[in-house]
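> Dumping the structure here so I can ask a few things about it.
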Amino acid sequence: MTTRAKNRTHTVAAAAAALGLGCAGLLALPSTASAAGALTVQYKTGASGATADQSEPWLKVINSGNSSLQLSQVKVRYYFKADSADATYRFACSWAVKGCANVTGTFGTLAHPTATADRYLEVGFTSGAGSLAAGADSGDLQLRFYQSNWQSVKQSDDYSFGAAQNSYGDWNKVTAQVGSSLEWGTAPEGNDPGGPTDPPTDPPGDGATLFDDFNYTSHSDAKLSEHGWNVRSNSGGPGVPGATWSPQNVTFSTESGNSLMNLETSSSGTGESTKQTEVLTKSMKFKNGTYAARVKFSDAPKSGPDGDHLVQTFFTINDLKAPMADDYSEYDFEYLPNGGWGESGNILYTTSWETYNPDPWQAVNQHTESRQSFTGWHDLVLTIDNSTIKYYIDGQLFGTHDAAYLPERGMSINFNQWLIDLNGQTSTAARAYDEGVDYVLHVKDQVLTPAQVAAKINAYRQAGTTFEDTVPAS
């Protein structure tokens, strides 16, 4: 148990991205090595060591045909050997001429493993990437992938890796399809694309779902309310006495074609000057299943002096009908970058609640904690079935909580950022902190793996879907 909840916080961040792994050393083949087709793929490595923190396959797709080519029809596969049987990976795009928001990366398992490949990274494009005229190329795709636990990757045994490939050249150790037609490269023996594979990241096709990419213009955008969200303005806890909840501090922006929500919390050292932020669903219809979000935590303010006892969250919750009511439920990700609740430094909590009594304080919960920095973007996944509650961060299991804390009724989905107190920073200088949110996902009554969550998010984005809510009212 923890005293942290005396101020009734709400938690977690998360959310979504993909996976990745290592690569192997082969010399570049001459440009005539691959049969002519509709396209050519060139490759260089951004990390040439036999081992590395992350693999960096940089790619360039060239239209070798005589007519325009839609990039959304193109799939490129990079083949590698997993560092261990249970290793999981994350995909990232550092920079792309076509925009990283228009580049996707998912992982699959080969049906016929070889000595140098048992996995692949499949790189694709959304419709926003557009088309290539005959003879044109995609420009740089500066891609990378890494183990979810940030252990180093061994590249020297990876089929598609080329240690000496420090400049772009035709590379037939990656394959490329246009639709279902193989147009470039040679796969590891027995693993031609379109053949029998067992990709573990395919998203389930059914299950009532809420997905929101937060593609809005401002806190007053009518679609926010139409889509079931409330931007909080009413008074009350948690947080500093006298603080207000400011809708104006909830803003939306686009980065590299990707829409983001930002929650700003600001203060000048008094309750009256403290402006906190919260966005929550109006409906409490969410119960068992999978919850996911991609959230950006911050260790430092974007302006002004640091040190406030800040809480940055992603959580689900319902109302406490009476002290110690047995149908209360709450499941939190809470990040405290500057400590608080008796902690002096960075700490992340995941907490599952059975009930509590506000006065005198009594809590019935189970929590997991980690005392380290979590600054930056993180994929947060929470799963609830009929026996267990599990929390994942960046694809790795973070905490498992017991059946005693399972929900009895539906909950809302919430993001908020607030100050526990003003003891951490006593200055009267103005300061402001940001929490970012990329997307949120709930799949009713289905437990998805983090890889399946990533694949489901990629599928929505490839289809150009920014919002869906098929979860029935409770």
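Going by the structure tokens order, chains are called A, B, ..., each with residues numbered from 1, while ligands are numbered from 1 in the order shown.
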Would you pick out the contacts of A:Lys75 at 8 Å or less, using only C-alpha atoms, so that residues sharing its chain but fewer than 4 positions from it are not included, and give the list as a PyMOL selection string?
chain A and resi 122-125+176-179
> Restrict the selected residues to N, CA and C atoms and save them as a short mmCIF file (atom, residue, chain, number, x, y, z; two decimals), in the first residue's frame.

```
data_model
loop_
_atom_site.label_atom_id
_atom_site.label_comp_id
_atom_site.auth_asym_id
_atom_site.auth_seq_id
_atom_site.Cartn_x
_atom_site.Cartn_y
_atom_site.Cartn_z
N GLU A 122 8.36 -5.52 -41.20
CA GLU A 122 7.68 -5.14 -42.44
C GLU A 122 7.38 -3.65 -42.41
N VAL A 123 7.94 -2.94 -43.37
CA VAL A 123 7.78 -1.49 -43.49
C VAL A 123 6.74 -1.21 -44.55
N GLY A 124 5.77 -0.39 -44.21
CA GLY A 124 4.71 -0.02 -45.15
C GLY A 124 4.48 1.47 -45.15
N PHE A 125 3.48 1.91 -45.89
CA PHE A 125 3.18 3.32 -46.06
C PHE A 125 1.67 3.55 -45.96
N ALA A 176 10.56 -6.76 -51.38
CA ALA A 176 9.53 -5.74 -51.54
C ALA A 176 8.41 -6.30 -52.40
N GLN A 177 7.20 -6.06 -51.95
CA GLN A 177 6.01 -6.45 -52.69
C GLN A 177 5.24 -5.22 -53.12
N VAL A 178 4.55 -5.34 -54.23
CA VAL A 178 3.51 -4.40 -54.63
C VAL A 178 2.22 -5.20 -54.63
N GLY A 179 1.35 -4.92 -53.67
CA GLY A 179 0.20 -5.79 -53.47
C GLY A 179 0.70 -7.16 -53.03
#
```
> May I have the residues within 8 Å of A:Ser266 as a PyMOL selection string, using only C-alpha atoms and disregarding those fewer than 4 positions away in the same chain?
chain A and resi 273-276+430-433
> Got a sec to tell me which of stretch 151-231 of chain A DSSP assigns to strand (DSSP E), as a ChimeraX atom specification?
/A:153-154,169-170,174-178,181-184,209-212,229-231
> Quick one: everything within 7 Å of A:Asn318, counting only C-alpha atoms, minus sequence neighbours fewer than 4 positions away in the same chain. Send it as a PDB file with C-alpha atoms, in the first residue's frame.

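Everything below was put into around_31.pdb:
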```pdb
ATOM      1  CA  MET A 284     -18.521   5.049 -17.595  1.00  0.00           C
ATOM      2  CA  TYR A 328     -15.471   1.102  -6.608  1.00  0.00           C
ATOM      3  CA  SER A 329     -12.754   0.581  -9.247  1.00  0.00           C
ATOM      4  CA  GLU A 330      -9.674   2.493 -10.412  1.00  0.00           C
ATOM      5  CA  GLY A 410     -17.955   0.282 -15.746  1.00  0.00           C
ATOM      6  CA  MET A 411     -15.467   3.140 -15.611  1.00  0.00           C
ATOM      7  CA  SER A 412     -14.437   6.270 -17.490  1.00  0.00           C
TER       8      SER A 412
END
```
> Please provide the set of residues having any atom within 10 Å of stretch 341-350 of chain A, restricted to only C-alpha atoms, with same-chain residues fewer than 3 positions apart removed, written as a PyMOL selection string.
chain A and resi 2-7+11-12+299+307+309+311-315+331-338+366-375+382+390-392+398-401+420-421+424
> For a quick check of understanding, using only C-alpha atoms, which of A:Tyr78, A:Trp229, A:Gly99, A:Thr104 has the smallest distance to A:Tyr159?
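Using only C-alpha atoms, A:Tyr159 sits closest to A:Tyr78.
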> Please list as an MDAnalysis selection string every residue within 10 Å of stretch 242-249 of chain A, counting only C-alpha atoms and excluding residues in the same chain fewer than 5 positions away.
chainID A and resid 218:220 230:237 262:267 270:279 416:419 434
> Export, as a short mmCIF file (atom, residue, chain, number, x, y, z; two decimals), in the first residue's frame, the selected residues with N, CA, C and O atoms.

```
data_model
loop_
_atom_site.label_atom_id
_atom_site.label_comp_id
_atom_site.auth_asym_id
_atom_site.auth_seq_id
_atom_site.Cartn_x
_atom_site.Cartn_y
_atom_site.Cartn_z
N SER A 218 -9.07 22.33 -31.04
CA SER A 218 -8.92 23.04 -29.76
C SER A 218 -9.81 22.38 -28.72
O SER A 218 -10.59 21.47 -29.04
N HIS A 219 -9.70 22.86 -27.47
CA HIS A 219 -10.53 22.31 -26.40
C HIS A 219 -12.01 22.56 -26.64
O HIS A 219 -12.86 21.87 -26.06
N SER A 220 -12.35 23.55 -27.48
CA SER A 220 -13.75 23.88 -27.75
C SER A 220 -14.26 23.25 -29.05
O SER A 220 -15.39 23.52 -29.45
N ASN A 230 -15.06 14.93 -22.21
CA ASN A 230 -15.29 16.13 -21.41
C ASN A 230 -13.94 16.74 -21.04
O ASN A 230 -13.08 16.04 -20.50
N VAL A 231 -13.76 18.01 -21.34
CA VAL A 231 -12.56 18.73 -20.91
C VAL A 231 -12.92 19.42 -19.61
O VAL A 231 -13.74 20.34 -19.59
N ARG A 232 -12.33 19.00 -18.54
CA ARG A 232 -12.79 19.39 -17.20
C ARG A 232 -12.61 20.88 -16.93
O ARG A 232 -11.56 21.45 -17.21
N SER A 233 -13.66 21.46 -16.34
CA SER A 233 -13.60 22.85 -15.88
C SER A 233 -14.16 22.99 -14.47
O SER A 233 -13.96 24.03 -13.84
N ASN A 234 -14.86 21.96 -13.96
CA ASN A 234 -15.44 22.07 -12.63
C ASN A 234 -14.37 21.96 -11.55
O ASN A 234 -13.30 21.40 -11.75
N SER A 235 -14.66 22.51 -10.39
CA SER A 235 -13.70 22.54 -9.29
C SER A 235 -13.65 21.20 -8.58
O SER A 235 -14.43 20.29 -8.85
N GLY A 236 -12.71 21.08 -7.64
CA GLY A 236 -12.59 19.86 -6.85
C GLY A 236 -11.25 19.19 -7.05
O GLY A 236 -10.45 19.58 -7.90
N GLY A 237 -11.03 18.14 -6.24
CA GLY A 237 -9.76 17.44 -6.27
C GLY A 237 -9.62 16.54 -7.47
O GLY A 237 -10.55 16.37 -8.24
N ASN A 262 -2.12 17.87 -25.89
CA ASN A 262 -1.20 18.29 -24.84
C ASN A 262 -1.98 18.85 -23.65
O ASN A 262 -2.92 19.63 -23.81
N LEU A 263 -1.59 18.41 -22.45
CA LEU A 263 -2.15 18.93 -21.21
C LEU A 263 -1.08 19.75 -20.52
O LEU A 263 0.00 19.25 -20.22
N GLU A 264 -1.36 21.03 -20.30
CA GLU A 264 -0.42 21.91 -19.60
C GLU A 264 -0.92 22.20 -18.20
O GLU A 264 -2.10 22.51 -18.00
N THR A 265 -0.03 22.08 -17.23
CA THR A 265 -0.32 22.49 -15.86
C THR A 265 0.66 23.59 -15.47
O THR A 265 1.87 23.46 -15.68
N SER A 266 0.14 24.69 -14.93
CA SER A 266 0.97 25.85 -14.64
C SER A 266 0.69 26.35 -13.22
O SER A 266 -0.37 26.09 -12.65
N SER A 267 1.68 27.07 -12.68
CA SER A 267 1.52 27.61 -11.33
C SER A 267 2.53 28.72 -11.11
O SER A 267 3.59 28.76 -11.76
N THR A 270 0.98 29.53 -5.85
CA THR A 270 -0.20 29.66 -4.99
C THR A 270 -1.32 28.79 -5.55
O THR A 270 -1.32 28.45 -6.74
N GLY A 271 -2.27 28.48 -4.70
CA GLY A 271 -3.41 27.70 -5.17
C GLY A 271 -4.18 28.41 -6.26
O GLY A 271 -4.56 27.81 -7.26
N GLU A 272 -4.38 29.71 -6.07
CA GLU A 272 -5.16 30.49 -7.03
C GLU A 272 -4.48 30.58 -8.39
O GLU A 272 -5.16 30.71 -9.42
N SER A 273 -3.16 30.53 -8.42
CA SER A 273 -2.45 30.64 -9.69
C SER A 273 -2.24 29.29 -10.37
O SER A 273 -1.76 29.24 -11.51
N THR A 274 -2.63 28.20 -9.71
CA THR A 274 -2.38 26.87 -10.25
C THR A 274 -3.51 26.44 -11.17
O THR A 274 -4.68 26.41 -10.78
N LYS A 275 -3.16 26.12 -12.42
CA LYS A 275 -4.11 25.69 -13.43
C LYS A 275 -3.78 24.25 -13.82
O LYS A 275 -2.72 23.98 -14.37
N GLN A 276 -4.70 23.32 -13.51
CA GLN A 276 -4.50 21.91 -13.78
C GLN A 276 -5.36 21.49 -14.98
O GLN A 276 -6.23 22.24 -15.41
N THR A 277 -5.12 20.29 -15.51
CA THR A 277 -5.83 19.86 -16.72
C THR A 277 -6.29 18.42 -16.60
O THR A 277 -5.59 17.57 -16.03
N GLU A 278 -7.46 18.15 -17.19
CA GLU A 278 -7.99 16.79 -17.23
C GLU A 278 -8.93 16.64 -18.42
O GLU A 278 -9.74 17.52 -18.72
N VAL A 279 -8.81 15.50 -19.11
CA VAL A 279 -9.71 15.12 -20.20
C VAL A 279 -10.21 13.71 -19.89
O VAL A 279 -9.41 12.81 -19.61
N ASN A 416 -4.98 13.13 -16.80
CA ASN A 416 -4.88 14.42 -16.14
C ASN A 416 -3.45 14.70 -15.68
O ASN A 416 -2.60 13.81 -15.64
N GLN A 417 -3.21 15.96 -15.33
CA GLN A 417 -1.91 16.42 -14.85
C GLN A 417 -2.17 17.47 -13.78
O GLN A 417 -2.89 18.44 -14.03
N TRP A 418 -1.59 17.28 -12.59
CA TRP A 418 -1.92 18.15 -11.47
C TRP A 418 -0.79 18.16 -10.45
O TRP A 418 0.14 17.37 -10.53
N LEU A 419 -0.89 19.07 -9.49
CA LEU A 419 0.12 19.22 -8.44
C LEU A 419 -0.41 18.67 -7.12
O LEU A 419 -1.51 19.01 -6.69
N ASP A 434 4.20 20.07 -19.30
CA ASP A 434 3.40 19.47 -20.36
C ASP A 434 3.35 17.95 -20.21
O ASP A 434 4.34 17.30 -19.85
#
```
> Considering only C-alpha atoms, can you say which of A:Ser127, A:Ser160, A:Asp359, A:Ala463 comes closest to A:Gly185?
A:Ser160
> Per DSSP on the backbone, what are the helix (DSSP H, G or I) residues of stretch 200-395 of chain A, as a PyMOL selection string?
chain A and resi 222-226+247-249
